[in-house]
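The block underneath contains the structure these notes are about, expressed in structure tokens.
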Amino acid sequence: MSKTMNGLLKLKEGLLNNPLLIKELRIGLREKRVFIIQTIYMLILGVVAFIILFSTFKDYHSYQSYDYREAGRNFFKVLCIVQWCLIILVSPSLTSTAISSERERKTYDMLMVTLLDSTEIILGKIAYAGSYIFLLLASSLPLVALVFFMGGVSPIEVFVNYMALFAWGLIMSAMALFFSSREQRSSVATRHSYGMLILLGIIVGIPYMAYFVKSGQFVGYSFKFPEIIAWISAYINVIWIFLFLFYKTANYIRPRAKNILAIHRLFIFAFLISVIGGVAGFFAVSGMSWKLGVFGKFDNVILASNWIFFTIASVFLLGCFTEQSSFVSKKEQAIFRKSLTSNKYFFPLFFTFAGCLTAAPLFLFMQDWVIHIHSLSGCFSL
């Protein structure tokens with residue numbers, strides 16, 4: 001409990017009394033590009049809003065026959081999609097040169113000799129990006145508030161969707177900061193950040209937008225079982241990705257054993273959550289009952305595809321998340337060696353357990369398997 005309180009107090013100090021954040025706000029928010037980006041952001045939203053309102057209301061005939069609620073929902077949906085695209089494009093530019101530019105200006109060593117810890121440095125950089133993202137979202141609120149004249153969208157929905165947009169901006173900023181801490185040159189870090197952004201847009205962004213267009217919500221939810229497990233798993237994984245990027249960036253700035261330990265523990269916890277959420281998601285998509293052998297069938301092809309997917313993911317995560325960087329002192333290296341994750345047999349056994357955890361429910365819930373058990377029991381009874 002004391003460690004948790006100390007961590008929360010350290011987080012509070014790192015955000016509220018962070019000299020790097022104050023410096024970034026004083027210098028960064030005075031640059032011309034800040035106001036240019038904000039102006040372009042609002043111009044794009046204004047043009048899009050004008051086109052939507054003009055095309056929506058130009059052909060209406062009477063108040064009674066026109067569905068203003070549906071028009072309001074469509075208006076809000078399009079504005080959220082445009083803002084999402086703009087936020088994920090702007091966010092990496094705020095942090096992609098945050099650390100690499102310090103190396104290019106030969107001020108990186110001066111930053112390292114300060115009393116700031118690596119986590120405080122990262123908090124200062126991400127908090128500056130978060131403050132600018134908040135400024136962009138806040139400036140768009142008067143335009144989005146037009147939806148309340150039409151109806152169809154509640155203030156809670158606006159708040160939830162704006163929180164989702166803000167979270168997307170923080171994730172993209174953390175990703176760009178990770179590349180900035182890893183690379184020596186700002187141009188390389190920027191290319192890697194936007195290259196990863198394009199890759200994520202293909203793998204994650206397109207399905208995410210398809211879900212949003214269908215449901216109208218950036219944040220999905222369902223209180224049905226097992227869909228609720230899949231959604232909880234998705235939210236936990238978003239938090240885990242942010243924390244992973246945070247600790248990985250901290251380890252690039254100042255390599256420490258405690259950062260490696262944190263990454264390994266996050267990996268173990270999040271991988272199991274992903275396995276459980278993946279199984280729940282497959283059951284939810286298939287529409288299969290959670291009762292043995294009752295209603296529906298589960299094809300062997302889906303079982304094989306699921307197994308292959310988690311095998312590939314396991315190999316990929318093993319290479320990415322279990323990296324052992326150099327350590328500062330022998331004491332920190334000894335701390336890492338004492339942990340369970342440093343054992344060479346841990347991850348092979350862990351992956352085997354995770355794979356069995358994935359395949360076992362799918363295998364047991366197959367109707368053919370239940371029929372096979374009944375036939376075997378009949379043979380034994382004879």
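To be explicit about the labels: the chains of the structure tokens are called A, B, and onward in the order shown, and within each one the residues are counted from 1, while ligands get numbers from 1 in the order they are shown.
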Open item on the list: Excluding Glu102 in chain A and its own-chain neighbours fewer than 6 positions away, which residues fall within 10 Å of it when counting only C-alpha atoms? Please give them as number ranges by chain.
Closed with: A: 108-111, 180-181, 184-186
- [ ] Compile the contact shell of Lys248 in chain A as a ChimeraX atom specification: residues with an atom at most 10 Å away, counting only C-alpha atoms, same-chain residues fewer than 2 positions apart removed.
- [x] /A:178,181-182,242-246,250-255,259-260,262-263,321,323
Task: Close residues, Ala129 in chain A itself excluded, 8 Å, only C-alpha atoms, min 6 positions apart in chain, as a PyMOL selection string - done: chain A and resi 91+94-95+170+173
TODO: List the neighbours of range 191-205 of chain A out to 7 Å using only C-alpha atoms; skip same-chain residues closer than 2 positions along the sequence, and give me the result as number ranges by chain.
DONE: A: 92, 96, 175-176, 179, 187-189, 207-209
Residue selection dump (N, CA and C atoms) as a tab-separated table (two decimals), in the first residue's frame:
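So the final result, stored in part_5.tsv, reads:
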chain	number	residue	atom	x	y	z
A	92	PRO	N	1.77	12.78	-32.99
A	92	PRO	CA	3.18	12.36	-33.09
A	92	PRO	C	4.15	13.50	-33.32
A	96	SER	N	7.76	13.58	-31.40
A	96	SER	CA	8.69	12.78	-32.20
A	96	SER	C	10.11	13.34	-32.19
A	175	MET	N	3.88	6.85	-28.36
A	175	MET	CA	4.56	6.08	-29.40
A	175	MET	C	5.66	6.90	-30.05
A	176	ALA	N	5.37	8.16	-30.40
A	176	ALA	CA	6.37	9.02	-31.02
A	176	ALA	C	7.52	9.32	-30.07
A	179	PHE	N	10.02	6.40	-30.08
A	179	PHE	CA	10.95	6.44	-31.21
A	179	PHE	C	11.96	7.57	-31.05
A	187	SER	N	14.84	13.30	-37.74
A	187	SER	CA	14.22	12.91	-39.01
A	187	SER	C	13.89	11.42	-39.02
A	188	VAL	N	14.81	10.60	-38.48
A	188	VAL	CA	14.57	9.16	-38.43
A	188	VAL	C	13.43	8.85	-37.47
A	189	ALA	N	13.41	9.51	-36.32
A	189	ALA	CA	12.35	9.28	-35.34
A	189	ALA	C	10.98	9.68	-35.91
A	207	PRO	N	-10.60	-1.18	-38.89
A	207	PRO	CA	-11.67	-1.85	-38.13
A	207	PRO	C	-12.30	-0.96	-37.06
A	208	TYR	N	-11.48	-0.11	-36.45
A	208	TYR	CA	-11.99	0.78	-35.41
A	208	TYR	C	-12.98	1.78	-35.99
A	209	MET	N	-12.65	2.35	-37.17
A	209	MET	CA	-13.56	3.27	-37.82
A	209	MET	C	-14.83	2.56	-38.29
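The shortest atom-to-atom distance to Ile232 in chain A, with only C-alpha atoms taken into account, belongs to A:Ser274 out of A:Thr107, A:Ser274, A:Thr249, A:Gln83.
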Based on DSSP run over this structure's backbone, return all residues of range 103-186 of chain A in helix (DSSP H, G or I), as a PDB file with N, CA and C atoms, in the first residue's frame.
ATOM      1  N   ARG A 103      19.600  15.523 -28.331  1.00  0.00           N
ATOM      2  CA  ARG A 103      20.888  14.964 -28.762  1.00  0.00           C
ATOM      3  C   ARG A 103      21.488  15.795 -29.892  1.00  0.00           C
ATOM      4  N   GLU A 104      20.653  16.236 -30.820  1.00  0.00           N
ATOM      5  CA  GLU A 104      21.162  17.021 -31.951  1.00  0.00           C
ATOM      6  C   GLU A 104      21.668  18.390 -31.507  1.00  0.00           C
ATOM      7  N   TYR A 108      21.558  16.990 -24.501  1.00  0.00           N
ATOM      8  CA  TYR A 108      21.051  15.768 -23.870  1.00  0.00           C
ATOM      9  C   TYR A 108      21.790  15.478 -22.571  1.00  0.00           C
ATOM     10  N   ASP A 109      23.109  15.666 -22.569  1.00  0.00           N
ATOM     11  CA  ASP A 109      23.882  15.418 -21.347  1.00  0.00           C
ATOM     12  C   ASP A 109      23.491  16.372 -20.233  1.00  0.00           C
ATOM     13  N   MET A 110      23.179  17.609 -20.586  1.00  0.00           N
ATOM     14  CA  MET A 110      22.733  18.572 -19.569  1.00  0.00           C
ATOM     15  C   MET A 110      21.390  18.136 -18.973  1.00  0.00           C
ATOM     16  N   LEU A 111      20.534  17.550 -19.799  1.00  0.00           N
ATOM     17  CA  LEU A 111      19.251  17.052 -19.296  1.00  0.00           C
ATOM     18  C   LEU A 111      19.453  15.868 -18.369  1.00  0.00           C
ATOM     19  N   MET A 112      20.454  15.039 -18.656  1.00  0.00           N
ATOM     20  CA  MET A 112      20.693  13.853 -17.847  1.00  0.00           C
ATOM     21  C   MET A 112      21.290  14.174 -16.483  1.00  0.00           C
ATOM     22  N   SER A 118      14.107   9.788 -15.058  1.00  0.00           N
ATOM     23  CA  SER A 118      13.666   9.529 -16.430  1.00  0.00           C
ATOM     24  C   SER A 118      12.146   9.548 -16.542  1.00  0.00           C
ATOM     25  N   THR A 119      11.454   9.067 -15.513  1.00  0.00           N
ATOM     26  CA  THR A 119       9.988   9.092 -15.542  1.00  0.00           C
ATOM     27  C   THR A 119       9.451  10.524 -15.502  1.00  0.00           C
ATOM     28  N   GLU A 120      10.121  11.404 -14.770  1.00  0.00           N
ATOM     29  CA  GLU A 120       9.693  12.801 -14.716  1.00  0.00           C
ATOM     30  C   GLU A 120       9.930  13.497 -16.051  1.00  0.00           C
ATOM     31  N   ILE A 121      11.012  13.139 -16.725  1.00  0.00           N
ATOM     32  CA  ILE A 121      11.280  13.701 -18.051  1.00  0.00           C
ATOM     33  C   ILE A 121      10.174  13.297 -19.028  1.00  0.00           C
ATOM     34  N   ILE A 122       9.809  12.015 -18.992  1.00  0.00           N
ATOM     35  CA  ILE A 122       8.769  11.519 -19.897  1.00  0.00           C
ATOM     36  C   ILE A 122       7.423  12.146 -19.551  1.00  0.00           C
ATOM     37  N   LEU A 123       7.111  12.251 -18.256  1.00  0.00           N
ATOM     38  CA  LEU A 123       5.849  12.862 -17.848  1.00  0.00           C
ATOM     39  C   LEU A 123       5.762  14.309 -18.315  1.00  0.00           C
ATOM     40  N   GLY A 124       6.875  15.026 -18.244  1.00  0.00           N
ATOM     41  CA  GLY A 124       6.880  16.411 -18.706  1.00  0.00           C
ATOM     42  C   GLY A 124       6.616  16.527 -20.191  1.00  0.00           C
ATOM     43  N   LYS A 125       7.252  15.650 -20.984  1.00  0.00           N
ATOM     44  CA  LYS A 125       7.068  15.687 -22.433  1.00  0.00           C
ATOM     45  C   LYS A 125       5.648  15.276 -22.825  1.00  0.00           C
ATOM     46  N   ILE A 126       5.131  14.194 -22.221  1.00  0.00           N
ATOM     47  CA  ILE A 126       3.789  13.723 -22.566  1.00  0.00           C
ATOM     48  C   ILE A 126       2.721  14.697 -22.045  1.00  0.00           C
ATOM     49  N   ALA A 127       2.958  15.288 -20.876  1.00  0.00           N
ATOM     50  CA  ALA A 127       1.983  16.246 -20.337  1.00  0.00           C
ATOM     51  C   ALA A 127       1.876  17.471 -21.235  1.00  0.00           C
ATOM     52  N   TYR A 128       2.999  17.895 -21.836  1.00  0.00           N
ATOM     53  CA  TYR A 128       2.934  19.020 -22.780  1.00  0.00           C
ATOM     54  C   TYR A 128       2.101  18.636 -24.001  1.00  0.00           C
ATOM     55  N   ALA A 129       2.343  17.433 -24.534  1.00  0.00           N
ATOM     56  CA  ALA A 129       1.541  16.971 -25.672  1.00  0.00           C
ATOM     57  C   ALA A 129       0.069  16.863 -25.300  1.00  0.00           C
ATOM     58  N   GLY A 130      -0.208  16.339 -24.094  1.00  0.00           N
ATOM     59  CA  GLY A 130      -1.589  16.221 -23.642  1.00  0.00           C
ATOM     60  C   GLY A 130      -2.264  17.571 -23.476  1.00  0.00           C
ATOM     61  N   SER A 131      -1.520  18.569 -22.996  1.00  0.00           N
ATOM     62  CA  SER A 131      -2.110  19.906 -22.832  1.00  0.00           C
ATOM     63  C   SER A 131      -2.472  20.523 -24.174  1.00  0.00           C
ATOM     64  N   TYR A 132      -1.641  20.286 -25.195  1.00  0.00           N
ATOM     65  CA  TYR A 132      -1.955  20.839 -26.518  1.00  0.00           C
ATOM     66  C   TYR A 132      -3.126  20.095 -27.162  1.00  0.00           C
ATOM     67  N   ILE A 133      -3.181  18.773 -26.984  1.00  0.00           N
ATOM     68  CA  ILE A 133      -4.327  18.009 -27.493  1.00  0.00           C
ATOM     69  C   ILE A 133      -5.609  18.472 -26.813  1.00  0.00           C
ATOM     70  N   PHE A 134      -5.533  18.710 -25.508  1.00  0.00           N
ATOM     71  CA  PHE A 134      -6.698  19.226 -24.770  1.00  0.00           C
ATOM     72  C   PHE A 134      -7.111  20.593 -25.313  1.00  0.00           C
ATOM     73  N   LEU A 135      -6.132  21.430 -25.660  1.00  0.00           N
ATOM     74  CA  LEU A 135      -6.440  22.754 -26.217  1.00  0.00           C
ATOM     75  C   LEU A 135      -7.173  22.621 -27.551  1.00  0.00           C
ATOM     76  N   LEU A 136      -6.730  21.699 -28.410  1.00  0.00           N
ATOM     77  CA  LEU A 136      -7.396  21.497 -29.694  1.00  0.00           C
ATOM     78  C   LEU A 136      -8.829  21.001 -29.506  1.00  0.00           C
ATOM     79  N   LEU A 137      -9.005  20.033 -28.609  1.00  0.00           N
ATOM     80  CA  LEU A 137     -10.350  19.493 -28.384  1.00  0.00           C
ATOM     81  C   LEU A 137     -11.264  20.533 -27.749  1.00  0.00           C
ATOM     82  N   ALA A 138     -10.725  21.323 -26.828  1.00  0.00           N
ATOM     83  CA  ALA A 138     -11.548  22.353 -26.181  1.00  0.00           C
ATOM     84  C   ALA A 138     -11.958  23.429 -27.177  1.00  0.00           C
ATOM     85  N   SER A 139     -11.075  23.761 -28.119  1.00  0.00           N
ATOM     86  CA  SER A 139     -11.420  24.794 -29.102  1.00  0.00           C
ATOM     87  C   SER A 139     -12.505  24.343 -30.066  1.00  0.00           C
ATOM     88  N   SER A 140     -12.694  23.026 -30.202  1.00  0.00           N
ATOM     89  CA  SER A 140     -13.728  22.515 -31.107  1.00  0.00           C
ATOM     90  C   SER A 140     -15.076  22.345 -30.431  1.00  0.00           C
ATOM     91  N   LEU A 141     -15.138  22.505 -29.112  1.00  0.00           N
ATOM     92  CA  LEU A 141     -16.392  22.290 -28.393  1.00  0.00           C
ATOM     93  C   LEU A 141     -17.520  23.231 -28.827  1.00  0.00           C
ATOM     94  N   PRO A 142     -17.274  24.538 -29.032  1.00  0.00           N
ATOM     95  CA  PRO A 142     -18.386  25.393 -29.490  1.00  0.00           C
ATOM     96  C   PRO A 142     -18.995  24.943 -30.809  1.00  0.00           C
ATOM     97  N   LEU A 143     -18.159  24.395 -31.705  1.00  0.00           N
ATOM     98  CA  LEU A 143     -18.676  23.908 -32.977  1.00  0.00           C
ATOM     99  C   LEU A 143     -19.479  22.621 -32.791  1.00  0.00           C
ATOM    100  N   VAL A 144     -18.969  21.729 -31.959  1.00  0.00           N
ATOM    101  CA  VAL A 144     -19.665  20.471 -31.699  1.00  0.00           C
ATOM    102  C   VAL A 144     -20.962  20.721 -30.929  1.00  0.00           C
ATOM    103  N   VAL A 147     -24.707  20.428 -32.103  1.00  0.00           N
ATOM    104  CA  VAL A 147     -25.489  19.198 -32.147  1.00  0.00           C
ATOM    105  C   VAL A 147     -26.615  19.213 -31.114  1.00  0.00           C
ATOM    106  N   PHE A 148     -26.464  20.005 -30.043  1.00  0.00           N
ATOM    107  CA  PHE A 148     -27.496  20.040 -29.014  1.00  0.00           C
ATOM    108  C   PHE A 148     -28.762  20.747 -29.502  1.00  0.00           C
ATOM    109  N   PHE A 149     -28.645  21.589 -30.545  1.00  0.00           N
ATOM    110  CA  PHE A 149     -29.836  22.221 -31.105  1.00  0.00           C
ATOM    111  C   PHE A 149     -30.653  21.224 -31.928  1.00  0.00           C
ATOM    112  N   MET A 150     -29.995  20.182 -32.415  1.00  0.00           N
ATOM    113  CA  MET A 150     -30.681  19.169 -33.217  1.00  0.00           C
ATOM    114  C   MET A 150     -31.106  17.965 -32.391  1.00  0.00           C
ATOM    115  N   PRO A 155     -24.946  15.076 -23.562  1.00  0.00           N
ATOM    116  CA  PRO A 155     -23.651  15.584 -23.095  1.00  0.00           C
ATOM    117  C   PRO A 155     -22.707  14.475 -22.617  1.00  0.00           C
ATOM    118  N   ILE A 156     -23.271  13.403 -22.040  1.00  0.00           N
ATOM    119  CA  ILE A 156     -22.419  12.298 -21.595  1.00  0.00           C
ATOM    120  C   ILE A 156     -21.737  11.634 -22.785  1.00  0.00           C
ATOM    121  N   GLU A 157     -22.450  11.469 -23.894  1.00  0.00           N
ATOM    122  CA  GLU A 157     -21.856  10.876 -25.090  1.00  0.00           C
ATOM    123  C   GLU A 157     -20.740  11.755 -25.641  1.00  0.00           C
ATOM    124  N   VAL A 158     -20.945  13.061 -25.624  1.00  0.00           N
ATOM    125  CA  VAL A 158     -19.890  13.979 -26.075  1.00  0.00           C
ATOM    126  C   VAL A 158     -18.670  13.851 -25.182  1.00  0.00           C
ATOM    127  N   PHE A 159     -18.883  13.804 -23.868  1.00  0.00           N
ATOM    128  CA  PHE A 159     -17.767  13.697 -22.925  1.00  0.00           C
ATOM    129  C   PHE A 159     -17.000  12.387 -23.119  1.00  0.00           C
ATOM    130  N   VAL A 160     -17.720  11.269 -23.252  1.00  0.00           N
ATOM    131  CA  VAL A 160     -17.071   9.966 -23.406  1.00  0.00           C
ATOM    132  C   VAL A 160     -16.269   9.900 -24.699  1.00  0.00           C
ATOM    133  N   ASN A 161     -16.843  10.391 -25.789  1.00  0.00           N
ATOM    134  CA  ASN A 161     -16.135  10.363 -27.062  1.00  0.00           C
ATOM    135  C   ASN A 161     -14.937  11.300 -27.068  1.00  0.00           C
ATOM    136  N   TYR A 162     -15.031  12.428 -26.389  1.00  0.00           N
ATOM    137  CA  TYR A 162     -13.884  13.330 -26.297  1.00  0.00           C
ATOM    138  C   TYR A 162     -12.771  12.723 -25.427  1.00  0.00           C
ATOM    139  N   MET A 163     -13.154  11.992 -24.400  1.00  0.00           N
ATOM    140  CA  MET A 163     -12.142  11.294 -23.603  1.00  0.00           C
ATOM    141  C   MET A 163     -11.424  10.245 -24.444  1.00  0.00           C
ATOM    142  N   ALA A 164     -12.175   9.565 -25.313  1.00  0.00           N
ATOM    143  CA  ALA A 164     -11.557   8.585 -26.202  1.00  0.00           C
ATOM    144  C   ALA A 164     -10.602   9.262 -27.179  1.00  0.00           C
ATOM    145  N   LEU A 165     -10.985  10.409 -27.719  1.00  0.00           N
ATOM    146  CA  LEU A 165     -10.098  11.155 -28.610  1.00  0.00           C
ATOM    147  C   LEU A 165      -8.829  11.592 -27.886  1.00  0.00           C
ATOM    148  N   PHE A 166      -8.981  12.046 -26.659  1.00  0.00           N
ATOM    149  CA  PHE A 166      -7.820  12.463 -25.861  1.00  0.00           C
ATOM    150  C   PHE A 166      -6.898  11.277 -25.589  1.00  0.00           C
ATOM    151  N   ALA A 167      -7.482  10.106 -25.295  1.00  0.00           N
ATOM    152  CA  ALA A 167      -6.673   8.904 -25.055  1.00  0.00           C
ATOM    153  C   ALA A 167      -5.911   8.491 -26.317  1.00  0.00           C
ATOM    154  N   TRP A 168      -6.569   8.570 -27.482  1.00  0.00           N
ATOM    155  CA  TRP A 168      -5.874   8.284 -28.738  1.00  0.00           C
ATOM    156  C   TRP A 168      -4.687   9.220 -28.929  1.00  0.00           C
ATOM    157  N   GLY A 169      -4.874  10.497 -28.626  1.00  0.00           N
ATOM    158  CA  GLY A 169      -3.772  11.450 -28.755  1.00  0.00           C
ATOM    159  C   GLY A 169      -2.607  11.127 -27.842  1.00  0.00           C
ATOM    160  N   LEU A 170      -2.896  10.720 -26.596  1.00  0.00           N
ATOM    161  CA  LEU A 170      -1.823  10.360 -25.657  1.00  0.00           C
ATOM    162  C   LEU A 170      -1.073   9.118 -26.124  1.00  0.00           C
ATOM    163  N   ILE A 171      -1.795   8.130 -26.638  1.00  0.00           N
ATOM    164  CA  ILE A 171      -1.146   6.909 -27.124  1.00  0.00           C
ATOM    165  C   ILE A 171      -0.209   7.222 -28.285  1.00  0.00           C
ATOM    166  N   MET A 172      -0.671   8.036 -29.227  1.00  0.00           N
ATOM    167  CA  MET A 172       0.165   8.408 -30.368  1.00  0.00           C
ATOM    168  C   MET A 172       1.373   9.235 -29.925  1.00  0.00           C
ATOM    169  N   SER A 173       1.189  10.105 -28.935  1.00  0.00           N
ATOM    170  CA  SER A 173       2.309  10.898 -28.415  1.00  0.00           C
ATOM    171  C   SER A 173       3.333  10.010 -27.721  1.00  0.00           C
ATOM    172  N   ALA A 174       2.850   9.027 -26.952  1.00  0.00           N
ATOM    173  CA  ALA A 174       3.771   8.104 -26.278  1.00  0.00           C
ATOM    174  C   ALA A 174       4.536   7.260 -27.285  1.00  0.00           C
ATOM    175  N   MET A 175       3.876   6.852 -28.359  1.00  0.00           N
ATOM    176  CA  MET A 175       4.558   6.077 -29.396  1.00  0.00           C
ATOM    177  C   MET A 175       5.661   6.903 -30.054  1.00  0.00           C
ATOM    178  N   ALA A 176       5.371   8.162 -30.401  1.00  0.00           N
ATOM    179  CA  ALA A 176       6.374   9.019 -31.023  1.00  0.00           C
ATOM    180  C   ALA A 176       7.523   9.321 -30.066  1.00  0.00           C
ATOM    181  N   LEU A 177       7.216   9.481 -28.776  1.00  0.00           N
ATOM    182  CA  LEU A 177       8.272   9.722 -27.789  1.00  0.00           C
ATOM    183  C   LEU A 177       9.178   8.508 -27.638  1.00  0.00           C
ATOM    184  N   PHE A 178       8.613   7.322 -27.773  1.00  0.00           N
ATOM    185  CA  PHE A 178       9.407   6.095 -27.737  1.00  0.00           C
ATOM    186  C   PHE A 178      10.427   6.082 -28.868  1.00  0.00           C
ATOM    187  N   PHE A 179      10.018   6.401 -30.081  1.00  0.00           N
ATOM    188  CA  PHE A 179      10.955   6.441 -31.212  1.00  0.00           C
ATOM    189  C   PHE A 179      11.961   7.574 -31.052  1.00  0.00           C
ATOM    190  N   SER A 180      11.529   8.694 -30.480  1.00  0.00           N
ATOM    191  CA  SER A 180      12.438   9.815 -30.282  1.00  0.00           C
ATOM    192  C   SER A 180      13.543   9.476 -29.288  1.00  0.00           C
ATOM    193  N   SER A 181      13.209   8.680 -28.264  1.00  0.00           N
ATOM    194  CA  SER A 181      14.229   8.287 -27.290  1.00  0.00           C
ATOM    195  C   SER A 181      15.158   7.215 -27.836  1.00  0.00           C
ATOM    196  N   ARG A 182      14.688   6.425 -28.805  1.00  0.00           N
ATOM    197  CA  ARG A 182      15.490   5.332 -29.345  1.00  0.00           C
ATOM    198  C   ARG A 182      16.439   5.787 -30.442  1.00  0.00           C
ATOM    199  N   SER A 186      16.302  13.307 -35.362  1.00  0.00           N
ATOM    200  CA  SER A 186      14.876  13.629 -35.328  1.00  0.00           C
ATOM    201  C   SER A 186      14.172  13.200 -36.606  1.00  0.00           C
TER     202      SER A 186
END
